[in-house]
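Asker: Supplied in structure tokens, the structure appears directly below.
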Amino acid sequence: MSTATNENSTGAQLVTNDDELATHEVNLTDVAAGKVRSLLEQEGRTDLRLRVAVQPGGCSGLIYQLYFDERLLDGDAVRDYDGVEVVVDKMSVPYLSGASIDFEDTISKQGFTIDNPNAGGSCACGDSFH
């Protein structure tokens, strides 16, 4: 099995495994990219990527996971945002198509937010969706 990485016309990197293309349509705002870059600099790590995944759980059925990962797995889709790589696993790609990740730093809220047009609804706490 051979693996190759190419770039498509939108700048998204396509990870190819035996003619299978994987891509994602997750957008990372400039503010969120800056925060990720800052966190990576604090860690002193240049080998980490921001992994975004959807997993079963929460009161509405699905939860988001955002974490740093050094691995690239078969079927992962990678998109680069000015030096910040965002990775989505092949099972999460359809759930996250068109989603946008932002970072808020206000008096009432600090953290990453995900605006997902595929979410039909969410729970009261806002931690899960369906």
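Residue numbers start at 1 in each chain; chains themselves are named A, B, ... in the order of the structure tokens; ligands are numbered from 1 in the order shown.
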Near Gln110 in chain A, counting only C-alpha atoms, which residues have an atom at most 12 Å away, once you skip same-chain residues fewer than 5 positions from it, shown as a PyMOL selection string?
Answerer: chain A and resi 32+35+102-105
Asker: Put those residues in a file: C-alpha atoms, as a JSON list (two decimals), in the first residue's frame.
Answerer:
```
[["chain", "number", "residue", "atom", "x", "y", "z"],
["A", 32, "ALA", "CA", -8.48, 29.90, 15.65],
["A", 35, "LYS", "CA", -4.55, 30.28, 18.83],
["A", 102, "ASP", "CA", -13.32, 29.54, 15.61],
["A", 103, "PHE", "CA", -11.80, 30.68, 18.90],
["A", 104, "GLU", "CA", -13.57, 33.04, 21.30],
["A", 105, "ASP", "CA", -11.87, 34.97, 24.06]]
```
Asker: Name the residues in contact with range 84-97 of chain A at a cut-off of 7 Å, using only C-alpha atoms, excluding same-chain residues fewer than 2 positions from it; report them as a PyMOL selection string.
Answerer: chain A and resi 22+24-26+33+37+49-54+75-82+99+116+118
Asker: One number please: CA of Ile114 in chain A to CA of Leu39 in chain A, in Å, one decimal.
Answerer: 18.1 Å
Asker: What is the CA of Glu70 in chain A-CA of Val36 in chain A distance in Å, reported with one decimal?
Answerer: 14.2 Å
Asker: Going by DSSP on the backbone, which residues of range 55-102 of chain A come out as strand (DSSP E or B)? List them as a compact mmCIF listing (two decimals) with all heavy atoms, in the first residue's frame.
Answerer:
```txt
# COMPACT_ATOMS: atom_id res chain seq x y z
N GLN A 55 -17.47 11.68 17.59
CA GLN A 55 -17.56 10.38 18.26
C GLN A 55 -18.97 10.21 18.85
O GLN A 55 -19.59 11.20 19.22
CB GLN A 55 -16.54 10.28 19.40
CG GLN A 55 -15.11 10.40 18.97
CD GLN A 55 -14.65 9.21 18.16
OE1 GLN A 55 -15.01 8.08 18.44
NE2 GLN A 55 -13.84 9.47 17.14
N PRO A 56 -19.44 8.97 18.96
CA PRO A 56 -20.72 8.75 19.65
C PRO A 56 -20.60 9.18 21.11
O PRO A 56 -19.57 8.97 21.73
CB PRO A 56 -20.93 7.24 19.56
CG PRO A 56 -20.00 6.75 18.51
CD PRO A 56 -18.86 7.73 18.46
N GLY A 57 -21.66 9.79 21.63
CA GLY A 57 -21.67 10.18 23.04
C GLY A 57 -22.50 11.42 23.27
O GLY A 57 -23.08 11.99 22.36
N GLY A 61 -26.23 12.41 21.15
CA GLY A 61 -25.79 11.31 20.30
C GLY A 61 -24.37 11.42 19.78
O GLY A 61 -23.70 10.41 19.61
N LEU A 62 -23.88 12.62 19.47
CA LEU A 62 -22.54 12.80 18.93
C LEU A 62 -21.82 13.93 19.65
O LEU A 62 -22.44 14.93 20.01
CB LEU A 62 -22.60 13.11 17.43
CG LEU A 62 -23.21 12.05 16.52
CD1 LEU A 62 -23.45 12.61 15.12
CD2 LEU A 62 -22.32 10.83 16.46
N ILE A 63 -20.52 13.77 19.84
CA ILE A 63 -19.72 14.83 20.46
C ILE A 63 -18.52 15.14 19.56
O ILE A 63 -18.05 14.29 18.81
CB ILE A 63 -19.22 14.44 21.88
CG1 ILE A 63 -18.40 13.15 21.83
CG2 ILE A 63 -20.36 14.34 22.84
CD1 ILE A 63 -17.72 12.81 23.14
N TYR A 64 -18.05 16.37 19.66
CA TYR A 64 -16.84 16.79 18.94
C TYR A 64 -15.63 16.50 19.81
O TYR A 64 -15.68 16.63 21.03
CB TYR A 64 -16.86 18.29 18.67
CG TYR A 64 -17.98 18.75 17.79
CD1 TYR A 64 -19.01 19.54 18.30
CD2 TYR A 64 -18.00 18.43 16.43
CE1 TYR A 64 -20.04 19.98 17.49
CE2 TYR A 64 -19.03 18.87 15.62
CZ TYR A 64 -20.05 19.65 16.14
OH TYR A 64 -21.06 20.09 15.35
N GLN A 65 -14.54 16.15 19.16
CA GLN A 65 -13.26 16.04 19.84
C GLN A 65 -12.26 16.89 19.08
O GLN A 65 -12.15 16.80 17.86
CB GLN A 65 -12.78 14.59 19.88
CG GLN A 65 -13.60 13.71 20.77
CD GLN A 65 -12.98 12.33 20.93
OE1 GLN A 65 -12.27 11.86 20.08
NE2 GLN A 65 -13.27 11.71 22.06
N LEU A 66 -11.54 17.74 19.81
CA LEU A 66 -10.46 18.56 19.27
C LEU A 66 -9.24 18.26 20.12
O LEU A 66 -9.28 18.44 21.33
CB LEU A 66 -10.78 20.05 19.40
CG LEU A 66 -11.81 20.63 18.46
CD1 LEU A 66 -12.34 21.95 19.02
CD2 LEU A 66 -11.21 20.86 17.10
N TYR A 67 -8.16 17.82 19.48
CA TYR A 67 -6.95 17.55 20.24
C TYR A 67 -5.75 17.55 19.30
O TYR A 67 -5.90 17.44 18.08
CB TYR A 67 -7.04 16.23 21.01
CG TYR A 67 -7.30 15.00 20.18
CD1 TYR A 67 -6.25 14.18 19.75
CD2 TYR A 67 -8.60 14.64 19.83
CE1 TYR A 67 -6.49 13.04 18.99
CE2 TYR A 67 -8.84 13.50 19.08
CZ TYR A 67 -7.79 12.71 18.66
OH TYR A 67 -8.03 11.59 17.91
N PHE A 68 -4.57 17.68 19.88
CA PHE A 68 -3.35 17.64 19.10
C PHE A 68 -2.92 16.19 18.91
O PHE A 68 -3.00 15.38 19.84
CB PHE A 68 -2.22 18.43 19.78
CG PHE A 68 -2.49 19.91 19.79
CD1 PHE A 68 -2.51 20.61 20.98
CD2 PHE A 68 -2.72 20.60 18.62
CE1 PHE A 68 -2.75 21.97 21.00
CE2 PHE A 68 -2.97 21.95 18.62
CZ PHE A 68 -2.98 22.64 19.82
N ASP A 69 -2.46 15.89 17.70
CA ASP A 69 -2.09 14.52 17.37
C ASP A 69 -0.86 14.56 16.47
O ASP A 69 -0.77 15.39 15.57
CB ASP A 69 -3.25 13.84 16.65
CG ASP A 69 -3.15 12.33 16.62
OD1 ASP A 69 -2.08 11.79 16.99
OD2 ASP A 69 -4.13 11.69 16.20
N ALA A 77 -7.84 13.03 6.26
CA ALA A 77 -7.81 14.17 5.35
C ALA A 77 -7.09 15.30 6.07
O ALA A 77 -7.36 15.58 7.23
CB ALA A 77 -9.23 14.59 4.98
N VAL A 78 -6.15 15.94 5.38
CA VAL A 78 -5.34 17.00 5.97
C VAL A 78 -5.51 18.27 5.17
O VAL A 78 -5.44 18.26 3.94
CB VAL A 78 -3.84 16.61 5.99
CG1 VAL A 78 -3.02 17.70 6.64
CG2 VAL A 78 -3.63 15.28 6.68
N ARG A 79 -5.71 19.37 5.88
CA ARG A 79 -5.79 20.68 5.24
C ARG A 79 -4.91 21.63 6.02
O ARG A 79 -4.96 21.66 7.25
CB ARG A 79 -7.23 21.15 5.20
CG ARG A 79 -7.44 22.36 4.34
CD ARG A 79 -8.91 22.58 4.07
NE ARG A 79 -9.09 23.81 3.33
CZ ARG A 79 -10.26 24.34 3.08
NH1 ARG A 79 -11.36 23.74 3.49
NH2 ARG A 79 -10.35 25.46 2.41
N ASP A 80 -4.10 22.40 5.32
CA ASP A 80 -3.15 23.30 5.95
C ASP A 80 -3.70 24.72 5.96
O ASP A 80 -4.17 25.22 4.93
CB ASP A 80 -1.81 23.26 5.19
CG ASP A 80 -0.75 24.06 5.89
OD1 ASP A 80 -0.66 25.28 5.61
OD2 ASP A 80 -0.02 23.49 6.72
N TYR A 81 -3.63 25.37 7.11
CA TYR A 81 -4.04 26.76 7.27
C TYR A 81 -2.83 27.55 7.73
O TYR A 81 -2.60 27.69 8.92
CB TYR A 81 -5.18 26.88 8.28
CG TYR A 81 -6.46 26.30 7.77
CD1 TYR A 81 -6.78 24.97 8.01
CD2 TYR A 81 -7.34 27.07 7.03
CE1 TYR A 81 -7.95 24.43 7.52
CE2 TYR A 81 -8.52 26.54 6.53
CZ TYR A 81 -8.81 25.22 6.78
OH TYR A 81 -9.97 24.67 6.30
N VAL A 84 -0.76 25.57 10.05
CA VAL A 84 -1.52 24.78 11.03
C VAL A 84 -2.27 23.70 10.25
O VAL A 84 -3.13 24.02 9.43
CB VAL A 84 -2.51 25.65 11.82
CG1 VAL A 84 -3.40 24.79 12.70
CG2 VAL A 84 -1.79 26.69 12.64
N GLU A 85 -1.92 22.45 10.51
CA GLU A 85 -2.59 21.35 9.82
C GLU A 85 -3.81 20.89 10.62
O GLU A 85 -3.71 20.65 11.82
CB GLU A 85 -1.63 20.18 9.63
CG GLU A 85 -0.56 20.45 8.60
CD GLU A 85 0.34 19.26 8.38
OE1 GLU A 85 0.57 18.48 9.33
OE2 GLU A 85 0.81 19.11 7.24
N VAL A 86 -4.93 20.77 9.93
CA VAL A 86 -6.16 20.25 10.52
C VAL A 86 -6.42 18.89 9.90
O VAL A 86 -6.48 18.75 8.67
CB VAL A 86 -7.36 21.20 10.27
CG1 VAL A 86 -8.64 20.60 10.82
CG2 VAL A 86 -7.09 22.56 10.89
N VAL A 87 -6.58 17.87 10.75
CA VAL A 87 -6.78 16.49 10.31
C VAL A 87 -8.17 16.04 10.72
O VAL A 87 -8.61 16.29 11.85
CB VAL A 87 -5.73 15.56 10.97
CG1 VAL A 87 -5.96 14.12 10.55
CG2 VAL A 87 -4.33 16.00 10.63
N VAL A 88 -8.86 15.38 9.78
CA VAL A 88 -10.17 14.80 10.06
C VAL A 88 -10.13 13.34 9.62
O VAL A 88 -9.70 13.04 8.50
CB VAL A 88 -11.29 15.55 9.30
CG1 VAL A 88 -12.66 14.92 9.58
CG2 VAL A 88 -11.31 17.03 9.66
N SER A 100 -17.13 25.15 10.60
CA SER A 100 -16.13 26.19 10.81
C SER A 100 -15.70 26.19 12.28
O SER A 100 -16.55 26.18 13.17
CB SER A 100 -16.71 27.55 10.44
OG SER A 100 -15.76 28.56 10.63
N ILE A 101 -14.38 26.19 12.49
CA ILE A 101 -13.83 26.22 13.85
C ILE A 101 -13.31 27.63 14.11
O ILE A 101 -12.54 28.18 13.32
CB ILE A 101 -12.70 25.20 14.02
CG1 ILE A 101 -13.21 23.79 13.73
CG2 ILE A 101 -12.09 25.28 15.42
CD1 ILE A 101 -12.12 22.75 13.66
N ASP A 102 -13.73 28.20 15.22
CA ASP A 102 -13.32 29.54 15.61
C ASP A 102 -12.81 29.48 17.05
O ASP A 102 -12.96 28.47 17.73
CB ASP A 102 -14.48 30.51 15.49
CG ASP A 102 -14.05 31.97 15.46
OD1 ASP A 102 -12.82 32.25 15.41
OD2 ASP A 102 -14.93 32.85 15.48
```
